[in-house]
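Q: My questions all concern the structure below.
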There are 2 protein chains.
Amino acid sequence: MAATINDIARTAGVSRTTVSRVLNDSGYVKEETREKILKAIQELNYTPSAIARSLSTNRTNTIGVIVPEINNPFFGEIIKGISQVADEHNLNIILFNTDDTRDKELKALKILKEQRIQGIIITPTYPEDKFNREYLNTLKSLNIPVVLMDGHVEYSNFSGVFIDHIKGAFDGTMALIEEGHSKIAIITGDMNSRPARDRLTGYKNALVLNHISVNKRYIFHGNYKHESAYRITKQILDMEDRPTAIFVMSNMMILGCMKAIYEENVNVPGDIAIMGFDKVDALNIVGMNISFINGPTIEMGRTGMELLIDNLYKKGGNKELKRITLLPKLVLKGSEKYIKNKCK
Amino acid sequence: MAATINDIARTAGVSRTTVSRVLNDSGYVKEETREKILKAIQELNYTPSAIARSLSTNRTNTIGVIVPEINNPFFGEIIKGISQVADEHNLNIILFNTDDTRDKELKALKILKEQRIQGIIITPTYPEDKFNREYLNTLKSLNIPVVLMDGHVEYSNFSGVFIDHIKGAFDGTMALIEEGHSKIAIITGDMNSRPARDRLTGYKNALVLNHISVNKRYIFHGNYKHESAYRITKQILDMEDRPTAIFVMSNMMILGCMKAIYEENVNVPGDIAIMGFDKVDALNIVGMNISFINGPTIEMGRTGMELLIDNLYKKGGNKELKRITLLPKLVLKGSEKYIKNKCK
DNA sequence: TTTAAACATGTTACCGATTCCATATAATTA
DNA sequence: TAATTATATGGAATCGGTAACATGTTTAAA
């Protein structure tokens, strides 16, 4: 249906080699001929086929991106960053959303291999899954660069972009301490996950550094879901020697925590201070006095893509393993002119 | 580098046609031969090239998706829906995020044409932009199905999925009226946009139907940004004959509105009822008493993809123009067990 | 036993580009 | 003026598959 390079060649009365030269602006073409060809291209509304080009050049200029939850703004922002850099380098993105499913993740990898993409950025849902790791290794053996986003695959040799969860939690805790708090509760994520463990470590480090004893009664284990944080926060608010601050270790759990606080009519930060790991824009805007440790999501995406591109342009075995750790940023309440909570 | 069908043929001692038959499970192949071939495939870790296949079959099994803001959960959920259906039909997605930029939107369309994708789902940022409409028309003339998501392109002939903004705003207003409100303020979106105008219409329709006069002093024009709603809400709260309910016509504006309310320590819904068009999950979870008119985003994505697929499988001029309008859903406070606001 | 249908496999053209090589002419340089 | 070199274009192979067609072998029906 669509015009091909042969149609252009015929119309312009030249060989398709010459047309190709014009398309790629390579080699010698007489100005007059070039114009004839451009005219034919215009007339036939011709667009070269990336498919045919890919087959012949062995380059697709496409990368694969695999995320578990596209509707989560965390990943949305990562993709935004990836997309910006991809655009700058004229690379296309084939996107897969796995809905946290191992099957879909595996299927995505298979398809990407078929598609002869040039590289993969993946936020692995099951980093510990043997089968997938095997598959990632297969990909690696094919010399397709792989970049991990915020997901450690232990014992493997992939480049990646990571967040320094320890430092982030450390900074958050330090900030609370500097504000005068010493009774600081923490609501952790699922302790089976590496970030949850790291964050707890950061919290402890800060306490120890300040000679504050780590009180086990102040350490509560949530599971990343808002319900768990809701329940735990209620519990915290009922304690006799109630903490003066709560450090909540995820996005969704901040919401559960704030629900409890909202319900119990507790003043933040007057009665209790809240620090969150990961931001919740909505609460920021509404003006709740919550400080955040904020993972630089867009930057993660950009950095990951840059890492990938570095490797894309290196032939053969020259690909370097590079792990970049980004520091989360502390956003203190008030530093963005948060309004004081007048709700008493 | 990677093994080709010829390598498999050679290894298995057959012609590549036979290999192709095994790959596609078509035609006759002796069981014994099949096994030889499968063994070779395994040994050489062979994956067929989708590129070569696309060139020869003239099908890429890929569609293009263009969104303005991938980090906005509204689009994230649409993509989630698209992705689900795409996966069910083994279609891949090339994603473009335009950052609300006309240039990027146009560039995306060009690339998709090069990529010989089978169809496009687009949420047009500049539906009124002549150039882009021209481009969309070009695409259409190429017989590539196009599906619009929630963006009217007037006078054009594209299939699409739309939200019934009039009905949504009507339902929201009716709900408030049924709760006994008659002094209902509205904060509109940018009146240059079709949805904003439609929603205002729905609001008026409900009032008229209930013989409530449309009070111009209760109609406030915002611009979709939270700051505008913040300012307007403050203004509303200061009115002498203050409305008893506010209908806020967007996502972000709900946040601005709630900021003002939170600041002024007003009880919702005791002192004033709030209804939003578009949901804000975070506020839902925290337990603010806001009712919502909720666009069915995931369903939109699914429906759009299904619409596209319908057209994908129809040859030539048989493509049908189909516009599907989805009804937003009313989520009343309390219907999800919202906790009463005790903040007085 | 002959004949047609089913089974099994291979030959070859083609999809739409790129690219190496060959060839011819024009412009420079020796 | 002859020898180079730069300019201009085309021929043909190639990328890795698919598919129409051809051909040979079994198997089953007549």
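Chain identifiers are assigned as A, B, and so on, following the order in which chains appear in the structure tokens; residues are numbered from 1 within each chain, and ligands are numbered from 1 in order of appearance.
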Could you give me, as CSV, a per-residue list for chain A showing, wherever an atom lies at most 8 Å from an atom of chain B, the closest pair of atoms and their distance in Å to one decimal, using only C-alpha atoms and sorting by chain then residue number from low to high?
A:
residue,atom,partner,partner_atom,distance
A:Met1,CA,B:Leu142,CA,7.8
A:Ala2,CA,B:Leu142,CA,7.1
A:Thr47,CA,B:Glu114,CA,5.9
A:Pro48,CA,B:Glu114,CA,6.0
A:Ser49,CA,B:Glu114,CA,5.1
A:Ala50,CA,B:Gln115,CA,5.1
A:Ile51,CA,B:Ile51,CA,5.9
A:Ala52,CA,B:Leu55,CA,6.2
A:Ser54,CA,B:Ile51,CA,7.1
A:Leu55,CA,B:Ala52,CA,6.2
A:Glu69,CA,B:Lys80,CA,7.9
A:Ile70,CA,B:Gly76,CA,5.4
A:Asn71,CA,B:Gly76,CA,4.0
A:Asn72,CA,B:Pro73,CA,6.4
A:Pro73,CA,B:Asn71,CA,5.2
A:Phe74,CA,B:Asn71,CA,7.6
A:Phe75,CA,B:Asn71,CA,7.5
A:Gly76,CA,B:Asn71,CA,3.9
A:Glu77,CA,B:Asn71,CA,4.8
A:Ile79,CA,B:Ile70,CA,7.3
A:Lys80,CA,B:Ile70,CA,6.3
A:Ser83,CA,B:Asn97,CA,6.7
A:Asn92,CA,B:Ile94,CA,7.0
A:Ile93,CA,B:Ile94,CA,5.5
A:Ile94,CA,B:Ile94,CA,4.5
A:Leu95,CA,B:Ile93,CA,5.8
A:Phe96,CA,B:Ser83,CA,7.4
A:Asn97,CA,B:Ser83,CA,6.7
A:Lys113,CA,B:Thr47,CA,7.2
A:Glu114,CA,B:Ser49,CA,5.1
A:Gln115,CA,B:Ala50,CA,5.1
A:Arg116,CA,B:Ser49,CA,6.8
A:Leu142,CA,B:Ala2,CA,7.1
A:Leu255,CA,B:Val286,CA,5.4
A:Gly256,CA,B:Val286,CA,6.4
A:Cys257,CA,B:Val286,CA,8.0
A:Met258,CA,B:Val286,CA,5.7
A:Lys259,CA,B:Val286,CA,4.0
A:Ala260,CA,B:Val286,CA,7.8
A:Tyr262,CA,B:Val286,CA,7.2
A:Glu263,CA,B:Lys342,CA,6.3
A:Glu264,CA,B:Lys342,CA,7.5
A:Asn265,CA,B:Cys343,CA,5.6
A:Val280,CA,B:Ala282,CA,7.7
A:Ala282,CA,B:Ala282,CA,6.5
A:Leu283,CA,B:Ala282,CA,7.4
A:Ile285,CA,B:Leu255,CA,6.2
A:Val286,CA,B:Lys259,CA,4.1
A:Gly287,CA,B:Lys259,CA,5.7
A:Ile339,CA,B:Glu263,CA,7.3
A:Lys340,CA,B:Glu263,CA,7.8
A:Asn341,CA,B:Glu263,CA,6.7
A:Lys342,CA,B:Glu263,CA,6.3
A:Cys343,CA,B:Asn265,CA,5.7
A:Lys344,CA,B:Cys343,CA,7.1
Q: Using only C-alpha atoms (C1' of nucleotides), find each residue in chain A having at least one atom no more than 7 Å away from chain D; report its shortest atom-to-atom pair and that distance in Å (one decimal), rows by chain then rising number, as a tab-separated table.
A:
residue	atom	partner	partner_atom	distance
A:Ser15	CA	D:DG10	C1'	6.2
A:Thr18	CA	D:DT9	C1'	6.9
A:Tyr28	CA	D:DA8	C1'	6.1
A:Val29	CA	D:DA8	C1'	6.1
A:Lys30	CA	D:DA8	C1'	6.6
A:Leu55	CA	D:DC15	C1'	5.1
A:Ser56	CA	D:DC15	C1'	4.5
Q: Report as a list of chain:residue names the set of chain C residues whose atoms approach chain B to within 7 Å, with distances computed over only C-alpha atoms (C1' of nucleotides).
A: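 Matching residues, ligands excluded from the count: C:DC7, C:DA8, C:DT9, C:DG10, C:DC15.
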Q: Any chance you could list, as a PDB file with all heavy atoms, in the first residue's frame, the residues in region 159-281 of chain B that come up strand (DSSP E or B) when DSSP is run on the backbone?
A:
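Writing done, so here's selection-v5.pdb:
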ATOM      1  N   SER B 159     -12.372   7.198  15.258  1.00  0.00           N
ATOM      2  CA  SER B 159     -13.021   6.488  16.337  1.00  0.00           C
ATOM      3  C   SER B 159     -12.463   7.011  17.651  1.00  0.00           C
ATOM      4  O   SER B 159     -11.408   7.627  17.682  1.00  0.00           O
ATOM      5  CB  SER B 159     -12.737   4.990  16.237  1.00  0.00           C
ATOM      6  OG  SER B 159     -13.385   4.451  15.112  1.00  0.00           O
ATOM      7  N   GLY B 160     -13.172   6.748  18.713  1.00  0.00           N
ATOM      8  CA  GLY B 160     -12.656   7.246  19.968  1.00  0.00           C
ATOM      9  C   GLY B 160     -13.455   6.814  21.169  1.00  0.00           C
ATOM     10  O   GLY B 160     -14.567   6.299  21.046  1.00  0.00           O
ATOM     11  N   VAL B 161     -12.850   7.009  22.310  1.00  0.00           N
ATOM     12  CA  VAL B 161     -13.514   6.736  23.572  1.00  0.00           C
ATOM     13  C   VAL B 161     -13.603   8.042  24.339  1.00  0.00           C
ATOM     14  O   VAL B 161     -12.599   8.734  24.492  1.00  0.00           O
ATOM     15  CB  VAL B 161     -12.712   5.721  24.400  1.00  0.00           C
ATOM     16  CG1 VAL B 161     -13.417   5.440  25.703  1.00  0.00           C
ATOM     17  CG2 VAL B 161     -12.507   4.444  23.618  1.00  0.00           C
ATOM     18  N   PHE B 162     -14.771   8.348  24.771  1.00  0.00           N
ATOM     19  CA  PHE B 162     -14.956   9.625  25.425  1.00  0.00           C
ATOM     20  C   PHE B 162     -15.687   9.461  26.746  1.00  0.00           C
ATOM     21  O   PHE B 162     -16.351   8.452  26.987  1.00  0.00           O
ATOM     22  CB  PHE B 162     -15.733  10.566  24.508  1.00  0.00           C
ATOM     23  CG  PHE B 162     -15.090  10.695  23.164  1.00  0.00           C
ATOM     24  CD1 PHE B 162     -15.557   9.963  22.080  1.00  0.00           C
ATOM     25  CD2 PHE B 162     -13.982  11.504  22.997  1.00  0.00           C
ATOM     26  CE1 PHE B 162     -14.942  10.054  20.848  1.00  0.00           C
ATOM     27  CE2 PHE B 162     -13.357  11.591  21.766  1.00  0.00           C
ATOM     28  CZ  PHE B 162     -13.849  10.874  20.684  1.00  0.00           C
ATOM     29  N   ILE B 163     -15.541  10.474  27.549  1.00  0.00           N
ATOM     30  CA  ILE B 163     -16.271  10.483  28.806  1.00  0.00           C
ATOM     31  C   ILE B 163     -17.448  11.427  28.648  1.00  0.00           C
ATOM     32  O   ILE B 163     -17.328  12.493  28.046  1.00  0.00           O
ATOM     33  CB  ILE B 163     -15.363  10.974  29.945  1.00  0.00           C
ATOM     34  CG1 ILE B 163     -14.274   9.944  30.221  1.00  0.00           C
ATOM     35  CG2 ILE B 163     -16.164  11.244  31.196  1.00  0.00           C
ATOM     36  CD1 ILE B 163     -13.317  10.355  31.301  1.00  0.00           C
ATOM     37  N   ILE B 184     -25.262  25.532  45.471  1.00  0.00           N
ATOM     38  CA  ILE B 184     -24.119  24.739  45.047  1.00  0.00           C
ATOM     39  C   ILE B 184     -23.186  25.554  44.168  1.00  0.00           C
ATOM     40  O   ILE B 184     -23.578  26.013  43.092  1.00  0.00           O
ATOM     41  CB  ILE B 184     -24.583  23.499  44.260  1.00  0.00           C
ATOM     42  CG1 ILE B 184     -25.560  22.678  45.116  1.00  0.00           C
ATOM     43  CG2 ILE B 184     -23.396  22.653  43.817  1.00  0.00           C
ATOM     44  CD1 ILE B 184     -26.231  21.544  44.373  1.00  0.00           C
ATOM     45  N   ALA B 185     -21.964  25.745  44.643  1.00  0.00           N
ATOM     46  CA  ALA B 185     -20.989  26.480  43.840  1.00  0.00           C
ATOM     47  C   ALA B 185     -20.275  25.517  42.905  1.00  0.00           C
ATOM     48  O   ALA B 185     -20.205  24.315  43.160  1.00  0.00           O
ATOM     49  CB  ALA B 185     -19.977  27.167  44.744  1.00  0.00           C
ATOM     50  N   ILE B 186     -19.780  26.054  41.812  1.00  0.00           N
ATOM     51  CA  ILE B 186     -18.983  25.219  40.909  1.00  0.00           C
ATOM     52  C   ILE B 186     -17.683  25.946  40.593  1.00  0.00           C
ATOM     53  O   ILE B 186     -17.660  27.164  40.405  1.00  0.00           O
ATOM     54  CB  ILE B 186     -19.757  24.909  39.603  1.00  0.00           C
ATOM     55  CG1 ILE B 186     -18.893  24.029  38.667  1.00  0.00           C
ATOM     56  CG2 ILE B 186     -20.198  26.169  38.895  1.00  0.00           C
ATOM     57  CD1 ILE B 186     -19.637  23.521  37.451  1.00  0.00           C
ATOM     58  N   ILE B 187     -16.589  25.196  40.612  1.00  0.00           N
ATOM     59  CA  ILE B 187     -15.309  25.743  40.159  1.00  0.00           C
ATOM     60  C   ILE B 187     -14.982  25.029  38.852  1.00  0.00           C
ATOM     61  O   ILE B 187     -14.698  23.835  38.845  1.00  0.00           O
ATOM     62  CB  ILE B 187     -14.190  25.490  41.187  1.00  0.00           C
ATOM     63  CG1 ILE B 187     -14.581  26.051  42.549  1.00  0.00           C
ATOM     64  CG2 ILE B 187     -12.878  26.105  40.706  1.00  0.00           C
ATOM     65  CD1 ILE B 187     -13.546  25.824  43.645  1.00  0.00           C
ATOM     66  N   THR B 188     -15.074  25.758  37.769  1.00  0.00           N
ATOM     67  CA  THR B 188     -14.915  25.135  36.452  1.00  0.00           C
ATOM     68  C   THR B 188     -13.447  25.005  36.072  1.00  0.00           C
ATOM     69  O   THR B 188     -12.582  25.627  36.680  1.00  0.00           O
ATOM     70  CB  THR B 188     -15.600  25.961  35.346  1.00  0.00           C
ATOM     71  OG1 THR B 188     -14.790  27.109  35.065  1.00  0.00           O
ATOM     72  CG2 THR B 188     -16.981  26.401  35.762  1.00  0.00           C
ATOM     73  N   ILE B 219     -20.956  30.541  40.189  1.00  0.00           N
ATOM     74  CA  ILE B 219     -20.128  29.921  39.139  1.00  0.00           C
ATOM     75  C   ILE B 219     -18.764  30.602  39.095  1.00  0.00           C
ATOM     76  O   ILE B 219     -18.655  31.794  38.828  1.00  0.00           O
ATOM     77  CB  ILE B 219     -20.810  30.040  37.763  1.00  0.00           C
ATOM     78  CG1 ILE B 219     -22.146  29.302  37.796  1.00  0.00           C
ATOM     79  CG2 ILE B 219     -19.898  29.464  36.663  1.00  0.00           C
ATOM     80  CD1 ILE B 219     -22.944  29.395  36.520  1.00  0.00           C
ATOM     81  N   PHE B 220     -17.729  29.831  39.390  1.00  0.00           N
ATOM     82  CA  PHE B 220     -16.366  30.383  39.423  1.00  0.00           C
ATOM     83  C   PHE B 220     -15.525  29.697  38.366  1.00  0.00           C
ATOM     84  O   PHE B 220     -15.555  28.476  38.247  1.00  0.00           O
ATOM     85  CB  PHE B 220     -15.747  30.157  40.809  1.00  0.00           C
ATOM     86  CG  PHE B 220     -16.474  30.864  41.910  1.00  0.00           C
ATOM     87  CD1 PHE B 220     -17.578  30.287  42.521  1.00  0.00           C
ATOM     88  CD2 PHE B 220     -16.059  32.126  42.333  1.00  0.00           C
ATOM     89  CE1 PHE B 220     -18.252  30.937  43.529  1.00  0.00           C
ATOM     90  CE2 PHE B 220     -16.726  32.786  43.345  1.00  0.00           C
ATOM     91  CZ  PHE B 220     -17.838  32.190  43.955  1.00  0.00           C
ATOM     92  N   HIS B 221     -14.774  30.503  37.638  1.00  0.00           N
ATOM     93  CA  HIS B 221     -13.964  29.915  36.585  1.00  0.00           C
ATOM     94  C   HIS B 221     -12.514  29.720  37.008  1.00  0.00           C
ATOM     95  O   HIS B 221     -11.791  30.692  37.200  1.00  0.00           O
ATOM     96  CB  HIS B 221     -14.025  30.771  35.317  1.00  0.00           C
ATOM     97  CG  HIS B 221     -15.388  30.781  34.716  1.00  0.00           C
ATOM     98  ND1 HIS B 221     -16.012  29.623  34.301  1.00  0.00           N
ATOM     99  CD2 HIS B 221     -16.262  31.789  34.484  1.00  0.00           C
ATOM    100  CE1 HIS B 221     -17.221  29.930  33.826  1.00  0.00           C
ATOM    101  NE2 HIS B 221     -17.401  31.233  33.941  1.00  0.00           N
ATOM    102  N   ALA B 245     -22.351  23.706  49.252  1.00  0.00           N
ATOM    103  CA  ALA B 245     -21.606  22.651  48.564  1.00  0.00           C
ATOM    104  C   ALA B 245     -20.761  23.257  47.447  1.00  0.00           C
ATOM    105  O   ALA B 245     -21.121  24.283  46.880  1.00  0.00           O
ATOM    106  CB  ALA B 245     -22.569  21.618  47.965  1.00  0.00           C
ATOM    107  N   ILE B 246     -19.630  22.609  47.182  1.00  0.00           N
ATOM    108  CA  ILE B 246     -18.790  23.045  46.057  1.00  0.00           C
ATOM    109  C   ILE B 246     -18.533  21.844  45.161  1.00  0.00           C
ATOM    110  O   ILE B 246     -18.167  20.771  45.639  1.00  0.00           O
ATOM    111  CB  ILE B 246     -17.423  23.593  46.514  1.00  0.00           C
ATOM    112  CG1 ILE B 246     -17.590  24.648  47.610  1.00  0.00           C
ATOM    113  CG2 ILE B 246     -16.664  24.188  45.330  1.00  0.00           C
ATOM    114  CD1 ILE B 246     -16.261  25.199  48.117  1.00  0.00           C
ATOM    115  N   PHE B 247     -18.731  22.057  43.878  1.00  0.00           N
ATOM    116  CA  PHE B 247     -18.445  21.017  42.892  1.00  0.00           C
ATOM    117  C   PHE B 247     -17.168  21.463  42.164  1.00  0.00           C
ATOM    118  O   PHE B 247     -17.154  22.480  41.487  1.00  0.00           O
ATOM    119  CB  PHE B 247     -19.623  20.916  41.919  1.00  0.00           C
ATOM    120  CG  PHE B 247     -19.644  19.624  41.121  1.00  0.00           C
ATOM    121  CD1 PHE B 247     -20.722  19.354  40.280  1.00  0.00           C
ATOM    122  CD2 PHE B 247     -18.626  18.683  41.208  1.00  0.00           C
ATOM    123  CE1 PHE B 247     -20.772  18.174  39.543  1.00  0.00           C
ATOM    124  CE2 PHE B 247     -18.668  17.506  40.477  1.00  0.00           C
ATOM    125  CZ  PHE B 247     -19.742  17.242  39.649  1.00  0.00           C
ATOM    126  N   VAL B 248     -16.088  20.711  42.361  1.00  0.00           N
ATOM    127  CA  VAL B 248     -14.785  21.121  41.834  1.00  0.00           C
ATOM    128  C   VAL B 248     -14.451  20.277  40.614  1.00  0.00           C
ATOM    129  O   VAL B 248     -14.460  19.053  40.674  1.00  0.00           O
ATOM    130  CB  VAL B 248     -13.685  20.934  42.894  1.00  0.00           C
ATOM    131  CG1 VAL B 248     -12.391  21.559  42.411  1.00  0.00           C
ATOM    132  CG2 VAL B 248     -14.123  21.547  44.212  1.00  0.00           C
ATOM    133  N   ALA B 273     -20.153  20.764  51.757  1.00  0.00           N
ATOM    134  CA  ALA B 273     -19.938  19.486  51.060  1.00  0.00           C
ATOM    135  C   ALA B 273     -19.044  19.706  49.851  1.00  0.00           C
ATOM    136  O   ALA B 273     -19.118  20.743  49.200  1.00  0.00           O
ATOM    137  CB  ALA B 273     -21.270  18.888  50.620  1.00  0.00           C
ATOM    138  N   ILE B 274     -18.207  18.730  49.604  1.00  0.00           N
ATOM    139  CA  ILE B 274     -17.312  18.832  48.441  1.00  0.00           C
ATOM    140  C   ILE B 274     -17.541  17.643  47.515  1.00  0.00           C
ATOM    141  O   ILE B 274     -17.611  16.501  47.960  1.00  0.00           O
ATOM    142  CB  ILE B 274     -15.834  18.826  48.872  1.00  0.00           C
ATOM    143  CG1 ILE B 274     -15.545  19.947  49.859  1.00  0.00           C
ATOM    144  CG2 ILE B 274     -14.923  18.933  47.641  1.00  0.00           C
ATOM    145  CD1 ILE B 274     -15.667  21.330  49.294  1.00  0.00           C
ATOM    146  N   MET B 275     -17.683  17.992  46.245  1.00  0.00           N
ATOM    147  CA  MET B 275     -17.797  16.957  45.215  1.00  0.00           C
ATOM    148  C   MET B 275     -16.718  17.248  44.181  1.00  0.00           C
ATOM    149  O   MET B 275     -16.502  18.386  43.800  1.00  0.00           O
ATOM    150  CB  MET B 275     -19.187  17.039  44.574  1.00  0.00           C
ATOM    151  CG  MET B 275     -19.397  16.238  43.312  1.00  0.00           C
ATOM    152  SD  MET B 275     -19.828  14.499  43.599  1.00  0.00           S
ATOM    153  CE  MET B 275     -21.399  14.669  44.446  1.00  0.00           C
ATOM    154  N   GLY B 276     -16.018  16.209  43.787  1.00  0.00           N
ATOM    155  CA  GLY B 276     -14.963  16.420  42.803  1.00  0.00           C
ATOM    156  C   GLY B 276     -15.234  15.700  41.497  1.00  0.00           C
ATOM    157  O   GLY B 276     -15.859  14.639  41.491  1.00  0.00           O
ATOM    158  N   PHE B 277     -14.770  16.297  40.414  1.00  0.00           N
ATOM    159  CA  PHE B 277     -14.802  15.590  39.136  1.00  0.00           C
ATOM    160  C   PHE B 277     -13.383  15.075  38.916  1.00  0.00           C
ATOM    161  O   PHE B 277     -12.442  15.865  38.851  1.00  0.00           O
ATOM    162  CB  PHE B 277     -15.216  16.518  37.993  1.00  0.00           C
ATOM    163  CG  PHE B 277     -15.845  15.781  36.826  1.00  0.00           C
ATOM    164  CD1 PHE B 277     -17.150  16.071  36.427  1.00  0.00           C
ATOM    165  CD2 PHE B 277     -15.151  14.802  36.147  1.00  0.00           C
ATOM    166  CE1 PHE B 277     -17.743  15.396  35.355  1.00  0.00           C
ATOM    167  CE2 PHE B 277     -15.735  14.118  35.091  1.00  0.00           C
ATOM    168  CZ  PHE B 277     -17.027  14.412  34.690  1.00  0.00           C
TER     169      PHE B 277
END
Q: For Ser213 (chain B), which of B:Glu134, B:Asn157, B:Ser182, B:Val147 is the closest residue, counting only C-alpha atoms?
A: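 With only C-alpha atoms as the atom set, the closest residue is B:Ser182.
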Q: Calculated over only C-alpha atoms (C1' of nucleotides), which of the candidates C:DT18, C:DT12, C:DT25, C:DT2 has the smallest distance to Ile5 (chain A)?
A: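 So, comparing all the options, the nearest one is C:DT18.
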Q: Record the distance separating CA of Lys167 (chain B) and CA of Asn311 (chain B), expressed in Å with one decimal.
A: 28.0 Å
Q: In Å to one decimal, how far is CA of Gly151 (chain A) from CA of Leu312 (chain A)?
A: 21.0 Å
Q: As a PyMOL selection string, please: all residues of region 167-269 of chain A that backbone DSSP puts in alpha helix (DSSP H).
A: chain A and resi 167-178+194-209+226-237+251-263
